[in-house]
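Shown here: my_file15.txt, compact mmCIF, C-alpha atoms.
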```
# COMPACT_ATOMS: atom_id res chain seq x y z
CA MET F 1 53.05 69.18 238.72
CA SER F 2 53.20 72.81 239.76
CA LYS F 3 53.92 73.87 243.32
CA LYS F 4 50.51 75.53 243.45
CA LYS F 5 48.66 72.28 242.73
CA ILE F 6 50.77 70.40 245.27
CA ALA F 7 49.91 73.00 247.89
CA ILE F 8 46.18 72.74 247.13
CA ILE F 9 46.24 68.92 247.34
CA SER F 10 48.12 69.09 250.65
CA VAL F 11 45.57 71.49 252.12
CA ILE F 12 42.67 69.28 251.01
CA SER F 13 44.38 66.21 252.52
CA LEU F 14 44.95 67.98 255.83
CA ILE F 15 41.31 69.09 255.94
CA SER F 16 40.15 65.53 255.20
CA ILE F 17 42.38 64.09 257.90
CA TYR F 18 41.08 66.67 260.36
CA LEU F 19 37.48 65.93 259.53
CA ILE F 20 38.00 62.16 259.83
CA TYR F 21 39.87 62.61 263.11
CA SER F 22 37.18 64.93 264.44
CA TYR F 23 34.49 62.46 263.48
CA PHE F 24 36.02 59.37 265.02
CA SER F 25 37.93 60.91 267.92
CA PRO F 26 36.47 61.40 271.42
CA SER F 27 34.47 64.55 272.00
CA ASN F 28 35.77 67.45 274.03
CA ASP F 29 34.22 66.11 277.20
CA GLY F 30 36.08 62.79 276.84
CA GLU F 31 33.13 60.62 275.68
CA VAL F 32 33.97 57.80 273.26
CA TYR F 33 31.47 56.91 270.53
CA LEU F 34 31.13 53.17 269.96
CA THR F 35 29.64 51.64 266.84
CA THR F 36 28.64 48.20 265.68
CA LYS F 37 27.44 46.57 262.50
CA VAL F 38 24.03 45.02 261.95
CA GLN F 39 24.56 41.26 262.02
CA LYS F 40 22.64 38.64 260.08
CA GLY F 41 22.46 35.06 261.28
CA ASN F 42 20.85 32.72 263.78
CA PHE F 43 19.42 34.46 266.81
CA VAL F 44 19.07 32.53 270.06
CA SER F 45 17.60 33.47 273.41
CA GLU F 46 18.93 31.68 276.47
CA VAL F 47 18.09 31.76 280.15
CA ILE F 48 21.23 31.06 282.14
CA THR F 49 20.83 29.66 285.64
CA SER F 50 23.03 28.09 288.27
CA GLY F 51 21.95 24.75 289.72
CA GLU F 52 23.04 21.60 291.48
CA ALA F 53 23.56 18.14 290.01
CA GLN F 54 21.64 15.31 291.61
CA SER F 55 20.56 11.78 290.78
CA THR F 56 16.98 11.00 289.82
CA SER F 57 17.35 7.54 291.36
CA LEU F 58 18.63 7.22 294.93
CA LYS F 59 19.02 4.05 296.95
CA LYS F 60 18.67 4.93 300.61
CA ILE F 61 20.92 3.44 303.27
CA ASN F 62 18.73 3.24 306.36
CA GLY F 63 19.35 2.66 310.01
CA PRO F 64 17.26 0.21 312.10
CA GLU F 65 13.62 0.01 311.04
CA ASN F 66 12.16 -1.07 314.43
CA LEU F 67 13.18 1.92 316.53
CA ARG F 68 9.53 2.75 317.18
CA LYS F 69 8.96 -0.67 318.78
CA PHE F 70 11.49 0.18 321.48
CA LYS F 71 10.42 3.83 321.73
CA LEU F 72 13.79 5.06 320.50
CA ARG F 73 14.03 8.35 318.64
CA ASP F 74 16.59 11.04 317.84
CA ILE F 75 19.42 8.53 317.57
CA LYS F 76 22.72 10.31 316.91
CA ILE F 77 25.03 9.37 314.07
CA GLN F 78 28.29 8.57 315.88
CA ASP F 79 30.41 7.88 312.81
CA LEU F 80 29.93 8.20 309.05
CA VAL F 81 32.26 7.49 306.13
CA PRO F 82 33.31 10.58 304.11
CA GLU F 83 30.91 11.72 301.41
CA GLY F 84 32.04 10.50 298.00
CA SER F 85 33.43 7.23 299.33
CA ILE F 86 33.05 4.32 296.91
CA VAL F 87 31.51 1.29 298.64
CA LYS F 88 30.46 -2.23 297.76
CA VAL F 89 27.79 -4.48 299.20
CA GLY F 90 28.64 -5.21 302.84
CA ASP F 91 31.08 -2.33 303.30
CA TYR F 92 30.90 -0.30 306.51
CA VAL F 93 28.98 2.97 306.21
CA ALA F 94 28.03 4.34 309.62
CA ARG F 95 27.61 3.70 313.32
CA LEU F 96 24.83 5.02 315.57
CA ASP F 97 25.12 6.01 319.22
CA PRO F 98 24.07 2.86 321.18
CA THR F 99 23.47 4.58 324.54
CA GLY F 100 19.67 4.30 324.48
CA VAL F 101 19.54 0.66 323.40
CA ASN F 102 22.30 -0.32 325.86
CA GLU F 103 20.22 1.09 328.72
CA GLN F 104 17.26 -1.03 327.62
CA ILE F 105 19.51 -4.11 327.34
CA ILE F 106 20.67 -3.66 330.94
CA ASP F 107 17.05 -3.31 332.13
CA ALA F 108 16.00 -6.37 330.11
CA ARG F 109 18.76 -8.49 331.61
CA LEU F 110 17.78 -7.49 335.15
CA ASN F 111 14.13 -8.22 334.35
CA LEU F 112 15.11 -11.62 332.92
CA GLU F 113 17.03 -12.54 336.06
CA THR F 114 14.04 -11.57 338.20
CA ALA F 115 11.63 -13.54 336.04
CA GLN F 116 13.89 -16.61 336.03
CA SER F 117 14.13 -16.42 339.82
CA LYS F 118 10.34 -16.29 340.07
CA TYR F 119 10.12 -19.26 337.74
CA THR F 120 12.51 -21.31 339.87
CA GLN F 121 10.69 -20.34 343.06
CA GLN F 122 7.38 -21.30 341.52
CA GLN F 123 8.81 -24.65 340.49
CA LEU F 124 9.93 -25.33 344.08
CA ASP F 125 6.63 -24.19 345.57
CA THR F 126 4.66 -26.32 343.13
CA THR F 127 6.82 -29.38 343.72
CA LEU F 128 6.50 -29.05 347.51
CA SER F 129 2.77 -28.36 347.48
CA LEU F 130 1.92 -31.25 345.16
CA LYS F 131 4.23 -33.56 347.10
CA GLN F 132 2.30 -32.79 350.28
CA GLU F 133 -0.98 -33.49 348.52
CA ARG F 134 0.31 -36.80 347.17
CA ASN F 135 1.55 -37.82 350.65
CA ALA F 136 -1.84 -37.00 352.15
CA ILE F 137 -3.53 -39.17 349.51
CA LYS F 138 -1.15 -42.02 350.24
CA ASP F 139 -1.71 -41.72 354.00
CA LEU F 140 -5.47 -41.79 353.46
CA SER F 141 -5.16 -44.82 351.18
CA PHE F 142 -3.16 -46.68 353.85
CA SER F 143 -5.79 -45.78 356.47
CA MET F 144 -8.53 -47.14 354.20
CA GLU F 145 -6.67 -50.39 353.67
CA GLN F 146 -6.30 -50.72 357.40
CA THR F 147 -10.00 -50.09 357.99
CA ARG F 148 -10.91 -52.52 355.22
CA LEU F 149 -8.70 -55.18 356.85
CA GLU F 150 -10.27 -54.58 360.24
CA LEU F 151 -13.73 -54.86 358.72
CA LYS F 152 -12.82 -58.15 357.13
CA GLN F 153 -11.58 -59.51 360.45
CA SER F 154 -14.64 -58.25 362.42
CA ILE F 155 -17.12 -60.96 361.35
CA TYR F 156 -17.23 -62.14 364.96
CA GLU F 157 -17.52 -58.66 366.41
CA PRO F 158 -20.75 -57.11 367.58
CA PRO F 159 -22.88 -55.57 364.84
CA ALA F 160 -22.28 -52.08 366.23
CA THR F 161 -18.53 -52.45 365.85
CA ILE F 162 -18.96 -53.75 362.29
CA LYS F 163 -21.27 -50.83 361.45
CA LYS F 164 -18.77 -48.33 362.79
CA LEU F 165 -15.99 -49.82 360.66
CA GLU F 166 -18.22 -49.71 357.57
CA ILE F 167 -19.00 -46.03 358.23
CA ASP F 168 -15.28 -45.21 358.75
CA LEU F 169 -14.42 -46.95 355.49
CA GLU F 170 -17.13 -45.08 353.57
CA LYS F 171 -15.95 -41.78 355.01
CA SER F 172 -12.32 -42.54 354.10
CA GLU F 173 -13.34 -43.39 350.53
CA ARG F 174 -15.23 -40.10 350.29
CA ASP F 175 -12.24 -38.18 351.71
CA LEU F 176 -9.91 -39.94 349.26
CA ARG F 177 -12.04 -38.99 346.30
CA GLU F 178 -12.11 -35.41 347.54
CA LYS F 179 -8.37 -35.40 348.11
CA GLN F 180 -7.74 -36.76 344.62
CA GLU F 181 -10.03 -34.13 343.06
CA ASN F 182 -8.29 -31.36 345.03
CA TYR F 183 -4.93 -32.68 343.86
CA ARG F 184 -5.99 -32.56 340.23
CA ILE F 185 -7.25 -28.98 340.68
CA LYS F 186 -4.07 -27.86 342.44
CA LYS F 187 -1.98 -29.54 339.76
CA ARG F 188 -3.82 -27.64 337.03
CA GLN F 189 -3.40 -24.41 339.02
CA ALA F 190 0.30 -25.10 339.46
CA ASN F 191 0.70 -25.83 335.74
CA ALA F 192 -1.14 -22.60 334.86
CA LYS F 193 1.08 -20.62 337.20
CA MET F 194 4.21 -22.23 335.74
CA VAL F 195 3.01 -21.37 332.23
CA GLU F 196 2.42 -17.78 333.35
CA VAL F 197 5.87 -17.26 334.86
CA GLY F 198 7.43 -19.27 332.03
CA THR F 199 5.73 -17.04 329.44
CA GLU F 200 7.05 -13.96 331.24
CA VAL F 201 10.56 -15.42 331.11
CA SER F 202 10.20 -16.18 327.37
CA LYS F 203 8.79 -12.73 326.70
CA ILE F 204 11.66 -10.95 328.44
CA ARG F 205 14.24 -13.27 326.85
CA LYS F 206 12.80 -12.52 323.38
CA GLU F 207 12.85 -8.80 324.13
CA LEU F 208 16.49 -9.08 325.20
CA ASN F 209 17.38 -10.99 322.02
CA ASP F 210 15.57 -8.39 319.92
CA LEU F 211 17.51 -5.62 321.67
CA LEU F 212 20.80 -7.42 321.04
CA GLU F 213 19.87 -7.76 317.34
CA LEU F 214 18.91 -4.08 317.30
CA LEU F 215 22.29 -3.21 318.78
CA LYS F 216 23.99 -5.08 315.92
CA SER F 217 22.02 -3.03 313.40
CA PHE F 218 23.42 0.18 314.93
CA THR F 219 26.49 -0.58 312.82
CA ILE F 220 25.28 0.09 309.28
CA TYR F 221 26.63 -1.57 306.14
CA SER F 222 25.96 -0.84 302.48
CA ASP F 223 23.42 -3.02 300.69
CA GLY F 224 24.54 -1.86 297.27
CA ASN F 225 27.48 -0.65 295.19
CA GLY F 226 28.13 3.00 294.47
CA MET F 227 29.29 6.33 295.85
CA ILE F 228 28.12 7.54 299.25
CA THR F 229 26.26 10.85 299.34
CA TYR F 230 24.97 12.39 302.55
CA PHE F 231 21.20 12.40 302.80
CA LYS F 232 19.48 15.79 302.77
CA ASN F 233 16.95 16.83 305.41
CA TRP F 234 13.76 18.70 304.56
CA ASP F 235 15.54 22.03 305.19
CA GLY F 236 18.37 21.22 302.76
CA SER F 237 20.97 20.41 305.45
CA LYS F 238 22.86 17.15 305.13
CA LYS F 239 23.02 14.25 307.57
CA LYS F 240 26.48 14.11 309.13
CA VAL F 241 28.23 13.01 312.32
CA GLY F 242 26.18 14.42 315.18
CA SER F 243 22.93 14.49 313.17
CA THR F 244 20.03 12.35 314.34
CA ILE F 245 17.71 9.82 312.74
CA SER F 246 14.21 8.93 313.82
CA PRO F 247 11.77 6.04 313.28
CA TRP F 248 10.01 8.20 310.68
CA ASN F 249 13.21 9.10 308.81
CA PRO F 250 15.90 6.45 309.44
CA THR F 251 18.05 7.30 306.37
CA VAL F 252 21.71 8.10 307.07
CA ALA F 253 23.11 8.19 303.51
CA SER F 254 22.23 7.33 299.93
CA LEU F 255 23.68 5.65 296.87
CA PRO F 256 22.81 7.70 293.76
CA ASP F 257 22.53 6.13 290.33
CA LEU F 258 25.14 8.15 288.43
CA THR F 259 23.66 7.09 285.09
CA LYS F 260 20.45 9.00 285.88
CA MET F 261 21.37 12.60 286.63
CA GLU F 262 19.55 15.92 286.59
CA SER F 263 20.17 19.54 287.49
CA LYS F 264 17.95 21.23 290.04
CA THR F 265 17.87 24.97 289.42
CA TYR F 266 15.73 28.05 290.00
CA ALA F 267 14.59 30.86 287.68
CA ASN F 268 13.34 34.32 288.60
CA GLU F 269 9.87 35.70 287.91
CA VAL F 270 10.91 37.30 284.61
CA ASP F 271 12.72 34.32 283.13
CA ILE F 272 10.25 31.66 284.25
CA ARG F 273 7.73 32.95 281.68
CA LYS F 274 10.13 31.88 278.92
CA ILE F 275 10.77 28.38 280.28
CA LYS F 276 8.59 25.37 279.57
CA LYS F 277 8.91 21.60 279.54
CA GLY F 278 10.80 20.14 276.60
CA LEU F 279 13.18 23.05 275.99
CA PRO F 280 16.78 21.99 275.17
CA VAL F 281 19.52 22.86 277.65
CA LYS F 282 23.31 22.91 277.62
CA VAL F 283 24.54 21.91 281.07
CA GLY F 284 28.05 22.93 282.12
CA PHE F 285 29.93 22.23 285.34
CA ASP F 286 32.04 24.64 287.36
CA ALA F 287 34.39 21.82 288.38
CA PHE F 288 34.96 20.76 284.75
CA PRO F 289 34.79 23.79 282.40
CA ASP F 290 35.43 21.60 279.35
CA VAL F 291 32.45 19.33 280.05
CA GLU F 292 29.08 20.24 278.53
CA ILE F 293 26.18 17.80 278.46
CA PRO F 294 22.91 18.22 276.53
CA GLY F 295 19.76 18.19 278.62
CA ILE F 296 16.06 18.91 278.53
CA VAL F 297 13.64 20.71 280.85
CA THR F 298 11.44 18.08 282.51
CA ASP F 299 9.53 20.10 285.10
CA VAL F 300 8.70 23.75 285.78
CA ALA F 301 7.15 24.75 289.10
CA ASN F 302 3.83 26.56 288.95
CA VAL F 303 4.24 28.11 292.40
CA GLY F 304 7.17 30.28 293.40
CA GLU F 305 9.07 30.18 296.67
CA ASN F 306 11.11 32.73 298.54
CA LYS F 307 14.82 32.63 297.88
CA ARG F 308 16.64 31.90 301.12
CA GLY F 309 17.67 35.13 302.83
CA SER F 310 15.71 37.26 300.36
CA ASP F 311 12.18 38.34 299.42
CA ILE F 312 12.79 37.46 295.76
CA LYS F 313 10.45 34.79 294.36
CA VAL F 314 12.07 31.96 292.42
CA PHE F 315 10.63 28.96 290.60
CA GLN F 316 12.15 25.48 290.63
CA VAL F 317 13.17 24.01 287.28
CA MET F 318 14.31 20.40 286.78
CA ILE F 319 16.65 19.56 283.89
CA LYS F 320 17.37 15.98 282.84
CA LEU F 321 20.87 15.21 281.55
CA ASN F 322 20.67 13.24 278.31
CA GLU F 323 24.20 11.86 278.55
CA THR F 324 26.47 10.52 281.29
CA ASN F 325 29.98 11.48 282.29
CA ASP F 326 32.20 9.66 284.77
CA ASN F 327 33.41 12.95 286.24
CA ILE F 328 29.98 14.19 287.25
CA ARG F 329 29.01 13.80 290.90
CA PRO F 330 25.89 14.77 292.86
CA GLY F 331 26.20 18.15 294.50
CA MET F 332 28.35 19.70 291.75
CA THR F 333 27.40 23.23 290.68
CA THR F 334 25.92 23.40 287.20
CA SER F 335 25.62 26.24 284.71
CA ASN F 336 22.45 25.75 282.67
CA LYS F 337 21.85 27.47 279.33
CA ILE F 338 18.15 27.00 278.57
CA LEU F 339 17.39 27.70 274.90
CA THR F 340 14.03 29.48 274.99
CA PHE F 341 13.83 30.14 271.23
CA GLU F 342 15.96 30.28 268.07
CA LYS F 343 15.37 32.15 264.80
CA LYS F 344 17.42 31.71 261.66
CA ASP F 345 18.72 34.33 259.20
CA VAL F 346 17.51 37.44 261.02
CA LEU F 347 19.08 40.86 261.59
CA SER F 348 20.11 41.85 265.09
CA ILE F 349 21.94 44.57 266.99
CA PRO F 350 22.95 45.03 270.65
CA LEU F 351 20.28 46.33 273.01
CA GLU F 352 22.46 49.37 273.76
CA ALA F 353 21.92 50.62 270.21
CA ILE F 354 18.13 50.90 270.66
CA PHE F 355 16.59 54.21 271.78
CA SER F 356 12.97 55.32 272.04
CA LYS F 357 10.90 58.47 272.14
CA ASP F 358 7.15 58.84 272.19
CA SER F 359 6.69 55.09 271.58
CA ILE F 360 8.95 55.32 268.51
CA THR F 361 11.97 53.02 268.51
CA TYR F 362 15.00 54.32 266.65
CA VAL F 363 18.76 54.01 266.22
CA TYR F 364 21.62 56.37 265.39
CA LYS F 365 22.73 55.09 262.01
CA LYS F 366 25.98 56.10 260.39
CA SER F 367 25.42 57.56 256.91
CA GLY F 368 28.68 58.45 255.20
CA PHE F 369 30.30 61.15 257.33
CA SER F 370 26.98 61.98 258.96
CA VAL F 371 24.52 60.41 261.40
CA VAL F 372 20.82 59.69 260.88
CA LYS F 373 18.22 59.01 263.55
CA LYS F 374 16.38 56.09 261.93
CA GLN F 375 13.15 54.50 263.08
CA VAL F 376 13.28 50.68 263.36
CA LYS F 377 10.91 47.89 264.18
CA ILE F 378 12.14 45.33 266.65
CA GLY F 379 11.20 41.73 267.39
CA ASP F 380 12.25 39.28 270.08
CA SER F 381 15.26 39.97 272.26
CA ASN F 382 17.63 38.15 274.55
CA ASN F 383 19.89 39.39 277.31
CA ASP F 384 22.28 41.07 274.84
CA SER F 385 20.64 41.72 271.47
CA VAL F 386 17.35 42.40 269.73
CA ILE F 387 15.98 41.34 266.35
CA ILE F 388 15.46 44.12 263.75
CA THR F 389 12.46 43.36 261.56
CA GLU F 390 12.44 46.63 259.58
CA GLY F 391 14.56 49.77 259.18
CA LEU F 392 18.10 48.42 258.84
CA ALA F 393 20.12 46.24 256.49
CA GLU F 394 22.98 43.85 257.03
CA ASN F 395 26.30 45.59 257.77
CA ASP F 396 24.68 48.96 258.49
CA VAL F 397 26.65 50.75 261.21
CA VAL F 398 24.80 51.99 264.30
CA TYR F 399 25.96 53.75 267.44
CA LEU F 400 25.90 52.15 270.87
CA ASN F 401 25.66 55.54 272.57
CA LYS F 402 24.14 58.85 271.54
CA PRO F 403 26.51 60.89 269.39
CA GLU F 404 26.72 64.52 270.42
CA GLY F 405 24.83 67.10 268.43
CA TYR F 406 22.09 64.87 267.02
CA GLU F 407 19.75 64.80 270.02
CA ASN F 408 17.22 67.18 268.47
CA ASP F 409 17.35 65.83 264.89
CA GLN F 410 14.15 64.53 263.36
CA ILE F 411 13.62 60.75 263.32
CA ALA F 412 13.55 59.36 259.82
CA GLN F 413 10.22 57.51 259.76
CA LEU F 414 9.67 54.16 258.11
CA ASN F 415 7.68 54.26 254.90
```
Encoded form using C-alpha cells:
Amino acid sequence: MSKKKIAIISVISLISIYLIYSYFSPSNDGEVYLTTKVQKGNFVSEVITSGEAQSTSLKKINGPENLRKFKLRDIKIQDLVPEGSIVKVGDYVARLDPTGVNEQIIDARLNLETAQSKYTQQQLDTTLSLKQERNAIKDLSFSMEQTRLELKQSIYEPPATIKKLEIDLEKSERDLREKQENYRIKKRQANAKMVEVGTEVSKIRKELNDLLELLKSFTIYSDGNGMITYFKNWDGSKKKVGSTISPWNPTVASLPDLTKMESKTYANEVDIRKIKKGLPVKVGFDAFPDVEIPGIVTDVANVGENKRGSDIKVFQVMIKLNETNDNIRPGMTTSNKILTFEKKDVLSIPLEAIFSKDSITYVYKKSGFSVVKKQVKIGDSNNDSVIITEGLAENDVVYLNKPEGYENDQIAQLN
C-alpha cells in the first residue's frame, strides 16, 4: 500500500473518531445526553404505600366490668407487662391503682360496724321491751287467779261483795286480753324492726364483699395464650402505665391472632383512584427485608381524612395477608406494592423520554448519527415508565433529555 493511501485512510479514521466523540461526548456547556432503548415485555403499574401490620382478630384483656356499679372511673394502670410479652392462661398482665376502691372499702367497713351496733342495740331493746310485756301479762294472770279464788270463797259474803269480785274478774280478763294483743303487736313490730336493721347489715356486708372481690380483680391475668399488645385508644395512642380505663372502655391490652394479619395503610388522592378491592399486593416488612408475603386489598375507604399534621387528604386501605410468618408482629411497618394493572408484551420507555408540544407527544429518537423528533402514541403509565402504542419499535434508542440543536426541528408525524 502506498504512503498516500495510508495517509488518506488515517485522515478518514481521525475524522470518524472525532465525529463519534463529538456525538457522544458532553456538549460545551457540560450537559450529558442520556439514552435508553425501547423495551418490550410485561408492564406493571404499582402503588407503593407504607402501612402497619395488625391482627384482624383481637382478644381483649379487660379490667373489672362492674366499675360503673361503684361509680369508679378513670382508673390508672399502675403496672403493665412489656408489649410483646408471651403469656399463657392465668399469667399476670397488669395491675390497676386501687386507691378509689380502697377508700370505698374503708367506708363500707365503718358502715358495717355502725349497722351491726344498731342491730345489737335493737336486739337488746326488743328483748327488754317484750320481757316487760310478758311480765305484765304474768302479773295480771296472777291477779286474776287471786280474784277468781276470792270469788270462789265468797259464797257466804254479801251479794254486793260477790258482785264486786265478779266485776273485778271480768275487768282483769278484759285487761289480759288487751295486754296479750298488745304483746303480739309489739312482737311483730320488734320483728319488723329487727328485719330492717338486719337487712341493712346484710346489704352493707354484701357491698363490702363485692368491693373486696372488685379489689382482687384490680390485678389482671390473661384469659388466653398469645403475645401481649398494648390496646390503642381512639386517637391512636396506646394504653400504657399511667393511662386510665373507664367503665365504658375497660380494655388494658389485647391478644392478637397472629394467623390472621392485615396491613392498614393510606393512599393519596391520586393513587386511590387506581386502587380497588381484590387487587393483589406484595407486602414487605422493614424489620425483615427478605420477607415478602402475598396479600389482597379487602377494603378501600370512600371518604378521605386529613393526614395528621398536614392538610393532605388520604384514604384508608386494608390489605389482608394471605400467608403467615412467625416473624411478623403487630405494629411492624409494612411496605405494600399494590398491583393496579399488568399488560403483557408491550413496548415501554421511561417517562423522562416523553415530550409534548401543542398536544402532540413525541420523543427524540436516535437515527444513525442523527436525531429525529418522532411523534408517538402513549398508553397507560406507572411511576417510572409509559406504554408506547405507536411510533417506536423494540430496541429503538431514544433520548432521556433534549439533545442540543434539535429544538426547532419538525416533528415526524405518524402516518
Item to check | Residues within 9 Å of (15.4, 18.6, 277.0), counting only C-alpha atoms, listed as a list in words | outcome: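 Protein and nucleic acid residues near the point are Lys277, Gly278, Leu279, Pro280, Val281, Pro294, Gly295, Ile296, Val297, Thr298, Ile319, Lys320, Leu321, Asn322 and Ile338 of chain F.
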Mind writing the picked residues with C-alpha atoms as a PDB file, in the coordinates of the input?
```
ATOM      1  CA  LYS F 277       8.910  21.600 279.540  1.00  0.00           C
ATOM      2  CA  GLY F 278      10.800  20.140 276.600  1.00  0.00           C
ATOM      3  CA  LEU F 279      13.180  23.050 275.990  1.00  0.00           C
ATOM      4  CA  PRO F 280      16.780  21.990 275.170  1.00  0.00           C
ATOM      5  CA  VAL F 281      19.520  22.860 277.650  1.00  0.00           C
ATOM      6  CA  PRO F 294      22.910  18.220 276.530  1.00  0.00           C
ATOM      7  CA  GLY F 295      19.760  18.190 278.620  1.00  0.00           C
ATOM      8  CA  ILE F 296      16.060  18.910 278.530  1.00  0.00           C
ATOM      9  CA  VAL F 297      13.640  20.710 280.850  1.00  0.00           C
ATOM     10  CA  THR F 298      11.440  18.080 282.510  1.00  0.00           C
ATOM     11  CA  ILE F 319      16.650  19.560 283.890  1.00  0.00           C
ATOM     12  CA  LYS F 320      17.370  15.980 282.840  1.00  0.00           C
ATOM     13  CA  LEU F 321      20.870  15.210 281.550  1.00  0.00           C
ATOM     14  CA  ASN F 322      20.670  13.240 278.310  1.00  0.00           C
ATOM     15  CA  ILE F 338      18.150  27.000 278.570  1.00  0.00           C
TER      16      ILE F 338
END
```
Next on the checklist: I need every residue sitting at most 9 Å from the point (20.9, 57.3, 266.8) (coordinates as in the file, all atoms listed in the file considered), written as a list in words.
Outcome noted: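 Those within range, by chain then number, are Ala353, Ile354, Phe355, Tyr362, Val363, Tyr364, Lys365, Lys366, Val371, Val372, Lys373, Lys374, Val398, Tyr399, Leu400, Asn401, Lys402, Pro403, Tyr406, Glu407 and Ile411 of chain F.
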Checklist outcome for this item: Students should find that atom CA of Leu130 of chain F and atom CA of Glu200 of chain F are spaced 22.8 Å
Checklist entry - From the list F:Asn233, F:Ser57, F:Thr340, F:Thr333, which residue is nearest Asn382 of chain F when using only C-alpha atoms? => result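 Closest to Asn382 of chain F of all the choices is F:Thr340.
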Item to check | Spatial neighbours of Glu269 of chain F, max dist 10 Å, all atoms listed in the file, sep filter under 2 positions, as a PyMOL selection string | outcome: chain F and resi 266-267+271-274+304+312-315
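Considering all atoms listed in the file, the residue among F:Arg148, F:Lys282, F:Lys264, F:Lys216 positioned nearest to Asn102 of chain F is F:Lys216.
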Next on the checklist: Which residues are near Ile220 of chain F? Cut-off 12 Å, only C-alpha atoms, ignore same chain within fewer than 5 positions. Put them as a ChimeraX atom specification.
Outcome noted: /F:60-65,77-81,89-97,214-215,250-253
Next on the checklist: Give me the residues near Ile162 of chain F as a ChimeraX atom specification, where near means some atom within 10 Å (using all atoms listed in the file) and where sequence neighbours in that chain fewer than 5 positions away do not count.
Outcome noted: /F:150-157,167-168
Checklist entry - For Lys240 of chain F, which residue among F:Lys76, F:Lys344, F:Gly368, F:Val303 is the nearest when counting only C-alpha atoms? => result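 Among the listed residues, the smallest separation from Lys240 of chain F belongs to F:Lys76.
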Next on the checklist: Could you tell me how far atom CA of Gly242 of chain F sits from atom CA of Pro82 of chain F, in Å to one decimal place?
Outcome noted: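 Here the two named atoms are 13.7 Å from each other.
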Checklist entry - Rounded to one decimal in Å, what is the spacing between atom CA of Gln104 of chain F and atom CA of Glu213 of chain F? => result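 For atom CA of Gln104 of chain F relative to atom CA of Glu213 of chain F, the distance reads 12.6 Å.
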Next on the checklist: List the spatial neighbours of Asn415 of chain F as an MDAnalysis selection string - criterion: any atom at most 12 Å away, all atoms listed in the file, same-chain residues fewer than 6 positions off excluded.
Outcome noted: chainID F and resid 374:377 390:391
When you look at Phe142 of chain F with a cut-off of 12 Å (counting only C-alpha atoms), what residues show up, excluding the ones that are within fewer than 6 positions of it in the same chain? I need them as a PDB file with C-alpha atoms, in the coordinates of the input.
```
ATOM      1  CA  ASN F 135       1.550 -37.820 350.650  1.00  0.00           C
ATOM      2  CA  ALA F 136      -1.840 -37.000 352.150  1.00  0.00           C
ATOM      3  CA  ARG F 148     -10.910 -52.520 355.220  1.00  0.00           C
ATOM      4  CA  LEU F 149      -8.700 -55.180 356.850  1.00  0.00           C
ATOM      5  CA  LEU F 169     -14.420 -46.950 355.490  1.00  0.00           C
ATOM      6  CA  SER F 172     -12.320 -42.540 354.100  1.00  0.00           C
ATOM      7  CA  GLU F 173     -13.340 -43.390 350.530  1.00  0.00           C
ATOM      8  CA  LEU F 176      -9.910 -39.940 349.260  1.00  0.00           C
TER       9      LEU F 176
END
```
Checklist entry - Which one is closest to Val32 of chain F: F:Arg329, F:Asp396, F:Glu404, F:Glu342? Count all atoms listed in the file. => result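 Among the listed residues, F:Glu404 lies closest to Val32 of chain F.
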